[in-house]
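Worksheet: the structure to be examined is printed underneath.
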Amino acid sequence: MKLRIEISPEESEEIVIRCHERTESVKKLESVIENLINADAECVLYIGETEYFVPYKKILFFEACEGKIYAHTKDKMIQARTTLAKLEELLPSYFVRCSKSCIINALQVGAIAHNITGPSKVYFNGAQKVVYASRSYYKYLKDKILTLRGV
């Protein structure tokens, strides 16, 4: 693999990865670049009519509860005025669906207590909050975490 930077008179910047196939190393590179681009991105969340601008990297997970979507940080629960499906399209690649009602920040996962017969418990770094990953999403979640951490 080689690295080449071209200076272009165009105003917009673009990163292009050319490859014969999308290997694991290309996927990791893509993920690293996307994470760097989105490092300072923020999400607009609401408590009542007050808007809060929360960096994505501080959000542990998004959860559907009683017809509403909430973002959870280490110490707060704030409403997101959108759907989980829309969030999946907009969120950086380190957010992963772990059940029908939950999308988690894979970079914030500290541990997973795998359960073969039921949902697995997902623990977050420095937080008391726990979510459950359904069996159908477990393998994808684990693979995503390993890819993001370069394991």
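We label chains A, B, ... in the order they appear in the structure tokens, count residues from 1 in each chain, and number ligands from 1 in the order shown.
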Using only C-alpha atoms, tabulate the residues of range 47-93 of chain A lying at most 12 Å from any atom of range 127-134 of chain A, each with its closest atom pair and that distance in Å to one decimal, by chain and increasing residue number, as CSV.
residue,atom,partner,partner_atom,distance
A:Lys58,CA,A:Ala127,CA,11.3
A:Ile59,CA,A:Ala127,CA,11.2
A:Leu60,CA,A:Lys129,CA,8.7
A:Phe61,CA,A:Val131,CA,8.5
A:Phe62,CA,A:Val131,CA,10.1
A:Glu63,CA,A:Val131,CA,9.1
A:Ala64,CA,A:Val131,CA,11.8
A:His72,CA,A:Lys129,CA,8.6
A:Thr73,CA,A:Ala127,CA,8.5
A:Lys74,CA,A:Ala127,CA,5.3
A:Asp75,CA,A:Ala127,CA,7.9
A:Lys76,CA,A:Lys129,CA,10.5
A:Met77,CA,A:Lys129,CA,10.8
Could you give me, as a list in words, the residues within 12 Å of Arg4 in chain A, counting only C-alpha atoms and dropping anything in the same chain fewer than 3 positions from it?
Met1, Ile7, Ile15, Val16, Ile17 and Arg18 of chain A
Might you pull out every residue within 7 Å of range 27-31 of chain A, with only C-alpha atoms counted and same-chain residues fewer than 3 positions away left off, and present them as a PyMOL selection string?
chain A and resi 22-24+34-35+93+147-148
Those residues you just picked out, can you put them in a file as a short mmCIF file (atom, residue, chain, number, x, y, z; two decimals), in the first residue's frame with N, CA, C and O atoms?
data_model
loop_
_atom_site.label_atom_id
_atom_site.label_comp_id
_atom_site.auth_asym_id
_atom_site.auth_seq_id
_atom_site.Cartn_x
_atom_site.Cartn_y
_atom_site.Cartn_z
N ARG A 22 -11.97 -5.04 -1.13
CA ARG A 22 -12.16 -4.42 0.18
C ARG A 22 -11.72 -5.39 1.27
O ARG A 22 -12.52 -6.04 1.92
N THR A 23 -10.41 -5.46 1.47
CA THR A 23 -9.82 -6.37 2.46
C THR A 23 -10.03 -5.81 3.87
O THR A 23 -10.48 -4.68 4.04
N GLU A 24 -9.66 -6.61 4.86
CA GLU A 24 -9.78 -6.16 6.26
C GLU A 24 -8.94 -4.92 6.51
O GLU A 24 -9.36 -4.01 7.22
N GLU A 34 -12.78 7.68 8.72
CA GLU A 34 -14.12 8.17 9.05
C GLU A 34 -14.19 8.67 10.49
O GLU A 34 -14.78 9.70 10.77
N ASN A 35 -13.56 7.94 11.40
CA ASN A 35 -13.56 8.35 12.81
C ASN A 35 -12.83 9.67 13.01
O ASN A 35 -13.24 10.50 13.82
N SER A 93 -19.47 5.47 11.84
CA SER A 93 -19.44 4.00 11.71
C SER A 93 -19.16 3.27 13.02
O SER A 93 -19.35 2.06 13.09
N THR A 147 -12.68 -4.87 14.92
CA THR A 147 -12.16 -4.11 13.78
C THR A 147 -11.76 -2.71 14.19
O THR A 147 -10.69 -2.22 13.83
N LEU A 148 -12.62 -2.04 14.96
CA LEU A 148 -12.33 -0.68 15.40
C LEU A 148 -11.09 -0.60 16.28
O LEU A 148 -10.35 0.39 16.26
#
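With only C-alpha atoms taken into account, the protein and nucleic acid residues at most 9 Å from Ala41 in chain A (excluding it and anything under 6 positions from it in its own chain) are Val54, Pro55, Tyr56, Lys57 and Pro92 of chain A.
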